[in-house]
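S.K.: Starting off with a structure, shown below.
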Amino acid sequence: MFTPSEKYFLFSIDLEDIRFRMPDGEKYAERVPAMVDKYLEFLSRHNSKCTWFTVGDVARKYPSIIKMLADEGHEIACHTDLHIPLTKQNKESFSNDLKRNIESLYNAGAKNIMGFRAPIFSLTPNTQWAYEVLEQQGIVYSSSVLPNPNPFYGWPNFGENPRMVGHVLEIPMTLGRFFHLRVPIAGGVYFRLYNYKALKLNFDMHYNAGRAVVSYFHPYDIDTEQERFMHPDLNGSKLYNFLMYYNRKSVLPRLDSLMHGMKLTIVPYRDYIADIKPSLVVG
Ligand SMILES: [Zn+2]
């Protein structure tokens, strides 16, 4: 097991624009640049840099944002080119997709790309061919697995700790207990659904076990002014769509409280890896 030397909170943003997943999305207001600014204010309050898992189409639309993040010392990593889950790709299509993703990030000003996150935790036992593609294209770590013990969702029995899959270090999503379910604690809708005390308890449990807490946030998770519309990929479910908007106003204040109250350290994933497995990080 790789043991970190600090209470790392692997805070990260999945930098995507929900409008690009919708046929008529462009008719809605542009929200990504303003949300990037809000996250940057949070990070600068805590003197921190983080990792931005960025979709290729966002890098092409907002190259100056990517350049600014990279120049300020944040890590830019891959989140596929068009946000197509691995379950809808094969080795060849994914290889081409990742190539375009990496190219677009470098064109926009990213440096030393070494990380990857699959859309919607789509790295599962059935798509683990992806690790070979990642390795071929110089990716040294992935943070794409939902290590859910439930055999119907995620990667059952992957384990909660980072481990090597072939030559790639997989850093699985941190799970907590939510009633009888195991769900991520530090990301998306789950972070907004927990009450604060339960969040803190779950964070503590992982730090006591010598692990980092792995997270994923999106621009929309903190967007209290986004127009109401049916989000894509929810099968038209009104309940899921309600949850997409639920309690967004709590996210940044809760993050501030966790940082202050628990004395956490946010670093880009590459720095965390340099701590737990220095041999993976070159340059
Ligand atoms: Zn995503």
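Residue numbering restarts at 1 in every chain; chains get A, B, ... in the order shown in the structure tokens, and ligands count up from 1 in that same order.
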With a cut-off of 10 Å, could you pull out the residues of stretch 115-221 of chain A touching stretch 15-25 of chain A and give me the nearest pair of atoms for each, distance in Å to one decimal, using only C-alpha atoms, ordered by chain and ascending number, as JSON lines?
M.R.:
```
{"residue": "A:Tyr216", "atom": "CA", "partner": "A:Leu15", "partner_atom": "CA", "distance": 9.8}
{"residue": "A:Phe217", "atom": "CA", "partner": "A:Leu15", "partner_atom": "CA", "distance": 8.4}
{"residue": "A:His218", "atom": "CA", "partner": "A:Leu15", "partner_atom": "CA", "distance": 6.2}
{"residue": "A:Pro219", "atom": "CA", "partner": "A:Leu15", "partner_atom": "CA", "distance": 6.7}
{"residue": "A:Tyr220", "atom": "CA", "partner": "A:Ile18", "partner_atom": "CA", "distance": 8.1}
```
S.K.: List all protein, DNA and RNA residues that have at least one atom no more than 7 Å from any atom of ligand 1, counting only C-alpha atoms and all ligand atoms, and write them as a list of chain:residue names.
M.R.: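 The residues within 7 Å of ligand 1, counting only C-alpha atoms and all ligand atoms, are A:Asp14, A:Glu16, A:His79, A:His83, A:Pro119, A:Ile120.
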S.K.: Please list as an MDAnalysis selection string every residue within 12 Å of A:Met35, counting only C-alpha atoms and excluding residues in the same chain fewer than 2 positions away.
M.R.: chainID A and resid 13:17 30:33 37:42 65 217:226 248 252
S.K.: Looking at A:Thr127, A:Asn148, A:Asn202, A:Asn195, which one is nearest to A:Ser250, with distances taken over only C-alpha atoms?
M.R.: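 Distance minimum relative to A:Ser250 lands on A:Asn195.
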S.K.: Rounded to one decimal in Å, what is the spacing between atom CA of A:Asp57 and atom CA of A:Asp81?
M.R.: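 Atom CA of A:Asp57 sits 6.2 Å away from atom CA of A:Asp81.
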S.K.: Using only C-alpha atoms, find the one residue out of A:Phe121, A:Tyr131, A:Tyr8, A:Tyr106 that sits nearest to A:Leu264.
M.R.: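 Checking each candidate against A:Leu264, we get A:Tyr8 as the closest.
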S.K.: Near A:Phe229, within 10 Å and counting only C-alpha atoms, which residues show up once chain neighbours fewer than 4 positions away are dropped, as a list in words?
M.R.: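 After dropping sequence-adjacent residues, the list is Gly25, Tyr28, Asn241, Phe242 and Tyr245 of chain A.
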S.K.: Selected residues, C-alpha atoms, written as a PDB file, in the first residue's frame, please.
M.R.:
```pdb
ATOM      1  CA  GLY A  25     -27.114  23.308 -25.604  1.00  0.00           C
ATOM      2  CA  TYR A  28     -28.182  28.281 -22.746  1.00  0.00           C
ATOM      3  CA  ASN A 241     -32.549  16.386 -12.605  1.00  0.00           C
ATOM      4  CA  PHE A 242     -33.777  17.810  -9.302  1.00  0.00           C
ATOM      5  CA  TYR A 245     -29.528  21.270  -8.899  1.00  0.00           C
TER       6      TYR A 245
END
```
S.K.: Nearest residue to A:Leu146 out of A:Ile84, A:Val183, A:Ala130, A:Val168, using only C-alpha atoms?
M.R.: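 Going through A:Ile84, A:Val183, A:Ala130, A:Val168 one by one, the smallest distance to A:Leu146 is for A:Val183.
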S.K.: Looking only at alpha helix (DSSP H) from DSSP on the backbone, list the matching residues of stretch 4-115 of chain A as a VMD selection string.
M.R.: chain A and resid 32 to 45 56 to 61 63 to 71 91 to 108
S.K.: Quick one: of A:Asn208, A:Gln89, A:Thr80, A:Asn157, who's nearest to A:Ser104, counting only C-alpha atoms?
M.R.: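 Going through A:Asn208, A:Gln89, A:Thr80, A:Asn157 one by one, the smallest distance to A:Ser104 is for A:Thr80.
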S.K.: So which one's closest to A:Leu201, A:Arg228, A:Asn47, A:Lys238, A:Leu258? Using only C-alpha atoms, please.
M.R.: A:Leu258
